[in-house]
Amino acid sequence: MAPRLSRSFFKRPTLAVARELLGARLVRLEAGGRRLSGWIVEAEAYVGSEDLGCHARAGRTARNASMWGPPGHAYVYFTYGMHWCLNVVTEAEGFPAAVLIRALLPAEGQATMVRRRGGTRAGRRDPTGGPAKLAQALGLDRRFDGHDLCAPQARLFLERGRRIPDSDVTTGPRVGLNNVPEPWRSLARRFLLRPEAQARLPGP
DNA sequence: AGCACGATGCTCT
DNA sequence: GAGCATCGTGCTT
């Protein structure tokens with residue numbers, strides 16, 4: 001089993017963390033020690049209350065409090081009336097920043113993840129290809145908000161994966177920031193692993 | 001392959 | 001009461 005990413009990995013500039021999370025493995029430990037996991041292939045950086053695309057822009061609230069907490073914890077929020085999304089908190093405690101995990105390539109427990117997603121055609125083809133999809137596939141919700149991903153007994157954590165060369169990474173504007181003013185709306189804070197490089201990762 | 005739309009309820013004004 | 005870091009379906013190119 002690969003070594004886990006430590007607190008010091010997350011206590012760094014958010015863009016570096018987002019970039020380096022590509023190729024890492026997100027692991028959900030279920031009852032009975034069963035592992036669900038996937039390689040991270042897409043992530044976005046949300047950096048401080050100056051970032052008008054970031055939930056921290058309007059200050060600290062009950063919903064976004066985890067972003068101000070220690071690095072290496074989860075920030076899980078509810079949106080669009082039905083979806084949960086997973087972030088990993090970054091930088092020093094007191095500075096609100098996080099990386100949204102947007103897509104995984106299934107590695108372990110794919111059948112379980114597909115079942116969790118329900119019987120939809122799209123879900124069967126790509127059960128973890130979206131922030132709300134992967135949260136549902138891994139069974140993540142409000143209970144995981146504030147979860148310490150670096151604790152030895154963590155049920156959700158990250159493992160070191162493949163080193164990804166810059167030539168396998170693309171960047172672009174973050175998704176869904178429709179009413180966010182420039183320049184925040186268009187900043188290159190979205191990181192993706194190229195499809196050819198995804199195909200080289202070990203499958204399920 | 002791409003766009004439009006509705007679902008659905010929490011969060012903050 | 002408005003807006004939302006989304007998703008699946010159904011319809012158009």
# chains A, B, ... in the order shown; residues from 1 in each chain; ligands from 1

call {"tool": "residues_around", "arguments": {"residues": "region 2-11 of chain C", "least_positions_apart": "2", "cutoff": "10 Å", "atoms": "only C-alpha atoms (C1' of nucleotides)", "output": "MDAnalysis selection string"}}
result
(chainID A and resid 44 46 53:55 77:85 87 100 102 120:123 130:133 174:179) or (chainID B and resid 3:7 10:13)

call {"tool": "select_by_dssp", "arguments": {"residues": "region 29-67 of chain A", "states": "helix (DSSP H, G or I)", "output": "MDAnalysis selection string"}}
result
chainID A and resid 31:33 55:58 65:67

call {"tool": "select_by_dssp", "arguments": {"residues": "region 83-169 of chain A", "states": "strand (DSSP E)", "output": "PyMOL selection string"}}
result
chain A and resi 83-89+97-108+156-159+169

call {"tool": "atom_distance", "arguments": {"atom1": "CA of Thr171 (chain A)", "atom2": "CA of Arg190 (chain A)"}}
result
5.3 Å

call {"tool": "closest_residue", "arguments": {"among": "A:Val88, A:Ala45, A:Leu187, A:Thr61", "to": "chain C", "atoms": "only C-alpha atoms (C1' of nucleotides)"}}
result
A:Ala45

call {"tool": "atom_distance", "arguments": {"atom1": "CA of Ala31 (chain A)", "atom2": "CA of Ala111 (chain A)"}}
result
16.3 Å

call {"tool": "atom_distance", "arguments": {"atom1": "CA of Lys11 (chain A)", "atom2": "CA of Tyr75 (chain A)"}}
result
14.7 Å

call {"tool": "residues_around", "arguments": {"residues": "Cys150 (chain A)", "least_positions_apart": "5", "cutoff": "8 Å", "atoms": "only C-alpha atoms (C1' of nucleotides)", "output": "ChimeraX atom specification"}}
result
/A:4-7,72-73,157
